[in-house]
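See structure below.
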Amino acid sequence: MADHVVSALPAAALAEVLPAEAEPLAQELRRIPAVSVAVVNLQYEGAALPVTGFGHLVPSSEDASLLGVVYDSVAFPQHDGAGAASVRLTVMLRGAWFGQSFGDPAAVVPAPTAAAAGAGSRAGAAGPGAGPDSLHRQGAPGG
């Protein structure tokens, strides 16, 4: 038996794969609330960020649909292409308030999340047809 276990699974998913003898732990894990988060990756050719750093978080009082932005082109320059300068961003949307902005996570459509990501990034619009690169349904801790 292990003294410690580290898991990357959401709490509810981990609860379902535990052995029967770990039922007390499984019950505790099922009580941990989780929220949905849309992740949109944006790239703007011929642009440069006016700041350096990993990214920023956005207070809900400023923009309730936006959680934060990671400046991928600053944080991970090794992923830059060989062409013209560009800005790459990862925008995370909504969390605990996802349903209020975008509706049911099971039925979300790309356009509103992409538009919110483009506006929230302050770098421009996401462009036609752009949408969430991934939607983590009930995948982030929160409540």
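Letters A, B, ... mark the chains of the structure tokens in the order given; residue numbers begin at 1 per chain; ligand numbers begin at 1, in order shown.
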
Report task. Check the DSSP output for the backbone and give back, as a ChimeraX atom specification, the residues of stretch 12-92 of chain A in strand (DSSP E or B). Result -> /A:34-45,55-57,66-71,86-92

For the selection just defined, write its residues with N, CA, C and O atoms to a file, as a CSV table (one decimal), in the first residue's frame.
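Output saved as out.csv:
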```csv
chain,number,residue,atom,x,y,z
A,34,ALA,N,-16.7,20.9,-9.0
A,34,ALA,CA,-15.9,21.1,-10.2
A,34,ALA,C,-16.7,22.0,-11.1
A,34,ALA,O,-17.9,22.0,-11.1
A,35,VAL,N,-16.0,22.8,-11.9
A,35,VAL,CA,-16.6,23.7,-12.9
A,35,VAL,C,-16.1,23.4,-14.3
A,35,VAL,O,-15.0,22.8,-14.5
A,36,SER,N,-16.8,24.0,-15.3
A,36,SER,CA,-16.3,23.9,-16.7
A,36,SER,C,-15.5,25.1,-17.1
A,36,SER,O,-15.8,26.2,-16.7
A,37,VAL,N,-14.5,24.9,-17.9
A,37,VAL,CA,-13.6,25.9,-18.3
A,37,VAL,C,-13.3,25.7,-19.8
A,37,VAL,O,-13.0,24.6,-20.2
A,38,ALA,N,-13.5,26.8,-20.6
A,38,ALA,CA,-13.2,26.7,-22.0
A,38,ALA,C,-11.8,27.3,-22.2
A,38,ALA,O,-11.4,28.3,-21.6
A,39,VAL,N,-11.0,26.6,-23.0
A,39,VAL,CA,-9.6,27.0,-23.3
A,39,VAL,C,-9.5,27.3,-24.8
A,39,VAL,O,-9.8,26.5,-25.6
A,40,VAL,N,-9.1,28.6,-25.1
A,40,VAL,CA,-9.0,29.0,-26.5
A,40,VAL,C,-7.6,29.4,-26.7
A,40,VAL,O,-7.1,30.2,-26.0
A,41,ASN,N,-7.0,28.9,-27.8
A,41,ASN,CA,-5.6,29.3,-28.1
A,41,ASN,C,-5.7,30.2,-29.3
A,41,ASN,O,-6.4,30.0,-30.3
A,42,LEU,N,-5.0,31.4,-29.2
A,42,LEU,CA,-5.1,32.4,-30.2
A,42,LEU,C,-3.7,32.7,-30.7
A,42,LEU,O,-2.7,32.6,-29.9
A,43,GLN,N,-3.5,33.1,-32.0
A,43,GLN,CA,-2.2,33.5,-32.5
A,43,GLN,C,-2.5,34.7,-33.4
A,43,GLN,O,-3.4,34.6,-34.3
A,44,TYR,N,-1.7,35.7,-33.2
A,44,TYR,CA,-1.8,36.9,-34.1
A,44,TYR,C,-0.4,37.1,-34.8
A,44,TYR,O,0.6,37.4,-34.1
A,45,GLU,N,-0.4,37.0,-36.1
A,45,GLU,CA,0.8,37.2,-36.9
A,45,GLU,C,1.2,38.6,-36.9
A,45,GLU,O,0.3,39.5,-37.0
A,55,GLY,N,1.6,35.8,-17.7
A,55,GLY,CA,0.2,36.0,-18.1
A,55,GLY,C,-0.4,36.8,-17.0
A,55,GLY,O,0.3,37.5,-16.2
A,56,HIS,N,-1.8,36.8,-17.0
A,56,HIS,CA,-2.5,37.6,-16.0
A,56,HIS,C,-3.8,36.9,-15.7
A,56,HIS,O,-4.4,36.2,-16.5
A,57,LEU,N,-4.3,37.2,-14.5
A,57,LEU,CA,-5.6,36.8,-14.1
A,57,LEU,C,-6.5,38.0,-14.2
A,57,LEU,O,-6.0,39.1,-14.0
A,66,LEU,N,-14.0,36.1,-18.3
A,66,LEU,CA,-12.6,35.8,-18.5
A,66,LEU,C,-11.9,35.4,-17.2
A,66,LEU,O,-12.0,36.2,-16.3
A,67,LEU,N,-11.2,34.3,-17.2
A,67,LEU,CA,-10.5,33.9,-16.0
A,67,LEU,C,-9.0,34.4,-16.0
A,67,LEU,O,-8.5,35.0,-15.1
A,68,GLY,N,-8.4,34.2,-17.2
A,68,GLY,CA,-7.0,34.6,-17.3
A,68,GLY,C,-6.4,34.4,-18.7
A,68,GLY,O,-7.1,33.7,-19.5
A,69,VAL,N,-5.2,34.9,-18.9
A,69,VAL,CA,-4.6,34.7,-20.2
A,69,VAL,C,-3.1,34.3,-19.9
A,69,VAL,O,-2.5,34.9,-19.1
A,70,VAL,N,-2.6,33.3,-20.6
A,70,VAL,CA,-1.2,32.9,-20.5
A,70,VAL,C,-0.6,33.4,-21.8
A,70,VAL,O,-1.1,33.2,-22.9
A,71,TYR,N,0.6,34.2,-21.6
A,71,TYR,CA,1.3,34.7,-22.8
A,71,TYR,C,2.2,33.6,-23.3
A,71,TYR,O,3.4,33.5,-23.0
A,86,SER,N,5.0,36.7,-34.0
A,86,SER,CA,3.6,36.5,-33.7
A,86,SER,C,3.4,36.5,-32.2
A,86,SER,O,4.4,36.3,-31.4
A,87,VAL,N,2.2,36.7,-31.8
A,87,VAL,CA,1.8,36.5,-30.4
A,87,VAL,C,0.9,35.3,-30.3
A,87,VAL,O,-0.1,35.2,-31.0
A,88,ARG,N,1.2,34.4,-29.3
A,88,ARG,CA,0.4,33.3,-29.0
A,88,ARG,C,-0.1,33.4,-27.6
A,88,ARG,O,0.6,33.7,-26.7
A,89,LEU,N,-1.4,33.2,-27.4
A,89,LEU,CA,-2.1,33.3,-26.1
A,89,LEU,C,-3.0,32.1,-25.9
A,89,LEU,O,-3.6,31.6,-26.8
A,90,THR,N,-3.1,31.7,-24.6
A,90,THR,CA,-4.1,30.8,-24.2
A,90,THR,C,-5.0,31.5,-23.2
A,90,THR,O,-4.6,32.1,-22.2
A,91,VAL,N,-6.3,31.5,-23.6
A,91,VAL,CA,-7.3,32.3,-22.9
A,91,VAL,C,-8.2,31.3,-22.2
A,91,VAL,O,-8.7,30.4,-22.8
A,92,MET,N,-8.4,31.4,-20.9
A,92,MET,CA,-9.3,30.6,-20.1
A,92,MET,C,-10.6,31.3,-19.7
A,92,MET,O,-10.5,32.4,-19.2
```

Requested in this report: Write down as a VMD selection string the residues of stretch 16-80 of chain A whose backbone DSSP state falls under helix (DSSP H, G or I).
Outcome: chain A and resid 16 to 17 20 to 30 72 to 75 77 to 79

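Our summary of the geometry notes that atom CA of A:Ala26 is positioned 8.0 Å from atom CA of A:Ala12.
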
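Distance-wise, atom CA of A:Val17 and atom CA of A:Leu93 end up 28.9 Å apart.
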
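Atom pair atom CA of A:Asp72 / atom CA of A:Ala48 has a distance of 11.9 Å (rounded to one decimal).
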